[in-house]
file run33.cif (mmCIF, C-alpha atoms)
data_input
loop_
_atom_site.label_atom_id
_atom_site.label_comp_id
_atom_site.auth_asym_id
_atom_site.auth_seq_id
_atom_site.Cartn_x
_atom_site.Cartn_y
_atom_site.Cartn_z
CA MET A 2 61.01 122.74 129.44
CA LYS A 3 62.82 121.29 126.48
CA ARG A 4 66.57 121.66 126.58
CA ARG A 5 68.23 123.01 123.43
CA SER A 6 71.61 121.69 122.52
CA VAL A 7 74.23 124.04 121.18
CA ARG A 8 75.51 123.03 117.78
CA TYR A 9 78.41 124.52 115.95
CA PRO A 10 78.32 124.69 112.20
CA ALA A 11 79.92 121.69 110.60
CA PRO A 12 82.14 122.15 107.56
CA ARG A 13 79.74 122.84 104.70
CA THR A 14 81.52 121.23 101.81
CA VAL A 15 83.36 118.00 101.28
CA ALA A 16 86.52 120.00 100.54
CA GLN A 17 86.25 121.64 103.97
CA ARG A 18 85.70 118.26 105.64
CA VAL A 19 88.76 116.85 103.89
CA ALA A 20 90.78 119.94 104.86
CA VAL A 21 89.83 119.45 108.51
CA GLU A 22 90.81 115.77 108.23
CA VAL A 23 94.17 116.75 106.73
CA ARG A 24 94.77 119.22 109.56
CA ASP A 25 93.79 116.72 112.25
CA THR A 26 95.78 113.80 110.87
CA LEU A 27 98.87 115.98 110.43
CA ALA A 28 98.59 117.25 114.00
CA ARG A 29 98.21 113.70 115.31
CA PHE A 30 100.99 112.23 113.14
CA ASP A 31 103.38 115.03 114.10
CA GLY A 32 102.32 115.22 117.74
CA ASP A 33 102.53 111.48 118.43
CA HIS A 34 105.99 111.14 116.86
CA ASP A 35 108.04 110.96 120.05
CA LEU A 36 105.55 108.98 122.12
CA ALA A 37 104.95 106.37 119.42
CA LEU A 38 108.68 105.83 118.95
CA VAL A 39 109.28 105.57 122.71
CA TYR A 40 106.59 102.91 122.99
CA PHE A 41 108.06 101.06 120.04
CA ASN A 42 111.59 101.27 121.47
CA GLN A 43 110.60 100.09 124.95
CA TYR A 44 107.78 97.63 124.30
CA ARG A 45 107.97 96.88 120.56
CA SER A 46 104.35 98.01 120.41
CA LYS A 47 103.21 99.10 116.96
CA ALA A 48 99.76 100.23 118.14
CA GLU A 49 100.80 103.85 118.75
CA LEU A 50 102.51 104.03 115.36
CA LEU A 51 99.38 102.73 113.65
CA ASP A 52 97.11 105.09 115.60
CA ALA A 53 99.26 108.09 114.69
CA ALA A 54 98.67 107.45 110.98
CA LYS A 55 94.96 106.65 111.31
CA ASN A 56 92.55 108.58 109.09
CA SER A 57 88.94 108.49 107.92
CA TRP A 58 89.58 109.20 104.23
CA ARG A 59 88.25 105.81 103.16
CA THR A 60 84.87 106.48 104.79
CA LEU A 61 83.87 109.05 102.16
CA ASN A 62 81.53 107.65 99.54
CA VAL A 63 81.68 108.18 95.81
CA THR A 64 79.00 110.86 95.67
CA GLU A 65 80.94 112.92 98.22
CA LEU A 66 84.18 112.45 96.31
CA LEU A 67 82.50 113.69 93.13
CA GLU A 68 82.15 117.11 94.77
CA LEU A 69 85.94 117.50 94.74
CA THR A 70 87.72 118.75 91.66
CA PRO A 71 90.10 116.27 89.99
CA GLU A 72 93.08 118.27 91.31
CA GLN A 73 91.73 118.25 94.88
CA LEU A 74 91.01 114.54 94.66
CA GLN A 75 94.48 113.73 93.34
CA ILE A 76 96.26 115.78 96.01
CA ALA A 77 94.10 114.46 98.87
CA THR A 78 94.61 110.90 97.65
CA ALA A 79 98.38 111.39 97.58
CA TYR A 80 98.31 112.76 101.13
CA PHE A 81 96.22 109.95 102.60
CA ASP A 82 98.01 107.26 100.58
CA THR A 83 101.26 108.33 102.23
CA LEU A 84 99.70 107.70 105.64
CA ASP A 85 98.22 104.39 104.49
CA ARG A 86 101.54 103.22 103.06
CA PHE A 87 103.24 104.02 106.36
CA ARG A 88 100.56 102.04 108.24
CA LEU A 89 101.02 99.09 105.89
CA TRP A 90 104.79 99.21 106.26
CA VAL A 91 104.54 99.33 110.07
CA THR A 92 102.14 96.40 110.05
CA ALA A 93 104.39 94.21 107.90
CA THR A 94 107.87 95.19 109.10
CA GLU A 95 110.23 93.56 111.55
CA ALA A 96 112.40 96.68 111.60
CA MET A 97 114.52 97.75 114.53
CA PRO A 98 113.94 101.10 116.33
CA ALA A 99 116.54 103.09 114.35
CA THR A 100 115.00 102.02 111.05
CA MET A 101 111.49 102.68 112.36
CA GLU A 102 112.47 106.19 113.42
CA ALA A 103 114.09 106.90 110.05
CA ARG A 104 110.98 105.72 108.18
CA TYR A 105 108.67 107.68 110.47
CA ASP A 106 110.75 110.84 109.94
CA LEU A 107 110.71 110.30 106.18
CA ALA A 108 106.94 109.79 106.17
CA LEU A 109 106.45 112.81 108.44
CA ASP A 110 108.44 115.07 106.10
CA ARG A 111 106.43 113.87 103.12
CA VAL A 112 103.12 114.25 104.97
CA LYS A 113 103.98 117.81 106.04
CA THR A 114 104.83 118.76 102.47
CA LEU A 115 101.69 117.18 101.06
CA ALA A 116 99.53 118.74 103.79
CA VAL A 117 100.57 122.25 102.77
CA VAL A 118 99.73 121.49 99.14
CA ALA A 119 96.46 119.75 100.06
CA LEU A 120 95.25 122.55 102.32
CA GLU A 121 96.00 125.11 99.63
CA ALA A 122 94.18 123.08 96.97
CA LEU A 123 91.18 122.44 99.25
CA GLY A 124 90.72 126.13 99.95
CA GLY A 125 92.14 126.18 103.45
CA ILE A 126 90.68 125.18 106.76
CA PRO A 127 87.23 126.51 107.67
CA PRO A 128 87.23 128.91 110.63
CA GLU A 129 86.83 127.44 114.08
CA PRO A 130 83.46 128.00 115.76
CA PRO A 131 83.43 130.66 118.46
CA ARG A 132 84.17 129.33 121.90
CA ALA A 133 82.72 130.71 125.09
CA PRO A 134 85.30 131.80 127.62
CA VAL A 135 85.68 129.35 130.47
CA PRO A 136 85.94 131.00 133.88
CA PRO A 137 88.47 129.59 136.31
CA LEU A 138 87.13 127.14 138.86
CA TRP A 139 88.44 128.93 141.96
CA GLY A 140 88.87 132.53 140.93
CA THR A 141 91.92 134.25 139.59
CA LEU A 142 95.46 133.29 140.46
CA ASP A 143 96.67 136.91 140.57
CA ARG A 144 95.75 138.28 143.96
CA ASP A 145 97.15 141.72 144.51
#
call {"tool": "encode", "arguments": {"input": "run33.cif", "output": "structure tokens"}}
result
Amino acid sequence: MKRRSVRYPAPRTVAQRVAVEVRDTLARFDGDHDLALVYFNQYRSKAELLDAAKNSWRTLNVTELLELTPEQLQIATAYFDTLDRFRLWVTATEAMPATMEARYDLALDRVKTLAVVALEALGGIPPEPPRAPVPPLWGTLDRD
């Protein structure tokens, strides 16, 4: 018997794909803030800072970008350029932890502001696929 794999619908348009990328990069950049700075403070490791600002914007080809309106393209470019500039600055800097934290906070504020504008211009985030409820492994915790 052939096994069928379950597939959830992928975002249908390039604008939806970019919106999902904006959402995911913002969540990562905001969520990794404290951890990345702790690693930098303790070990002078820039890897976590660079990973926090990682994105796949540059992997879109020209034909995909042509599906975006000029306004969407301009706003998305501004959003991802902010992340890329932060990555470039982290790569080239010899800054101390206090300066690194100030620059990260500044970039995070700008990214949050641009994310709101970008998500609005891109038409919002597509709805999440339905998820099946996962039963607990060993029954319920409430035993009355």
call {"tool": "closest_residue", "arguments": {"input": "run33.cif", "among": "A:Gly125, A:Pro136, A:Asp35, A:Thr26", "to": "A:Phe81", "atoms": "only C-alpha atoms"}}
result
A:Thr26
call {"tool": "atom_distance", "arguments": {"input": "run33.cif", "atom1": "atom CA of A:Tyr80", "atom2": "atom CA of A:Thr92"}}
result
19.0 Å
call {"tool": "resolve_selection", "arguments": {"input": "run33.cif", "expression": "the PyMOL selection byres ((chain A and resi 49) around 9)", "output": "MDAnalysis selection string"}}
result
chainID A and resid 33 36:38 40:41 46:48 50:54
call {"tool": "residues_around", "arguments": {"input": "run33.cif", "residues": "stretch 99-116 of chain A", "least_positions_apart": "3", "cutoff": "10 Å", "atoms": "all atoms listed in the file", "output": "count of residues only"}}
result
36
call {"tool": "atom_distance", "arguments": {"input": "run33.cif", "atom1": "atom CA of A:Gln43", "atom2": "atom CA of A:Pro98"}}
result
9.3 Å
call {"tool": "closest_residue", "arguments": {"input": "run33.cif", "among": "A:Ala16, A:Glu22, A:Gly32, A:Leu89", "to": "A:Leu67", "atoms": "all atoms listed in the file"}}
result
A:Ala16
call {"tool": "atom_distance", "arguments": {"input": "run33.cif", "atom1": "atom CA of A:Gln75", "atom2": "atom CA of A:Arg13"}}
result
20.7 Å
call {"tool": "residues_around", "arguments": {"input": "run33.cif", "residues": "A:Glu68", "least_positions_apart": "4", "cutoff": "10 Å", "atoms": "only C-alpha atoms", "output": "PyMOL selection string"}}
result
chain A and resi 14-16+63-64+73-74
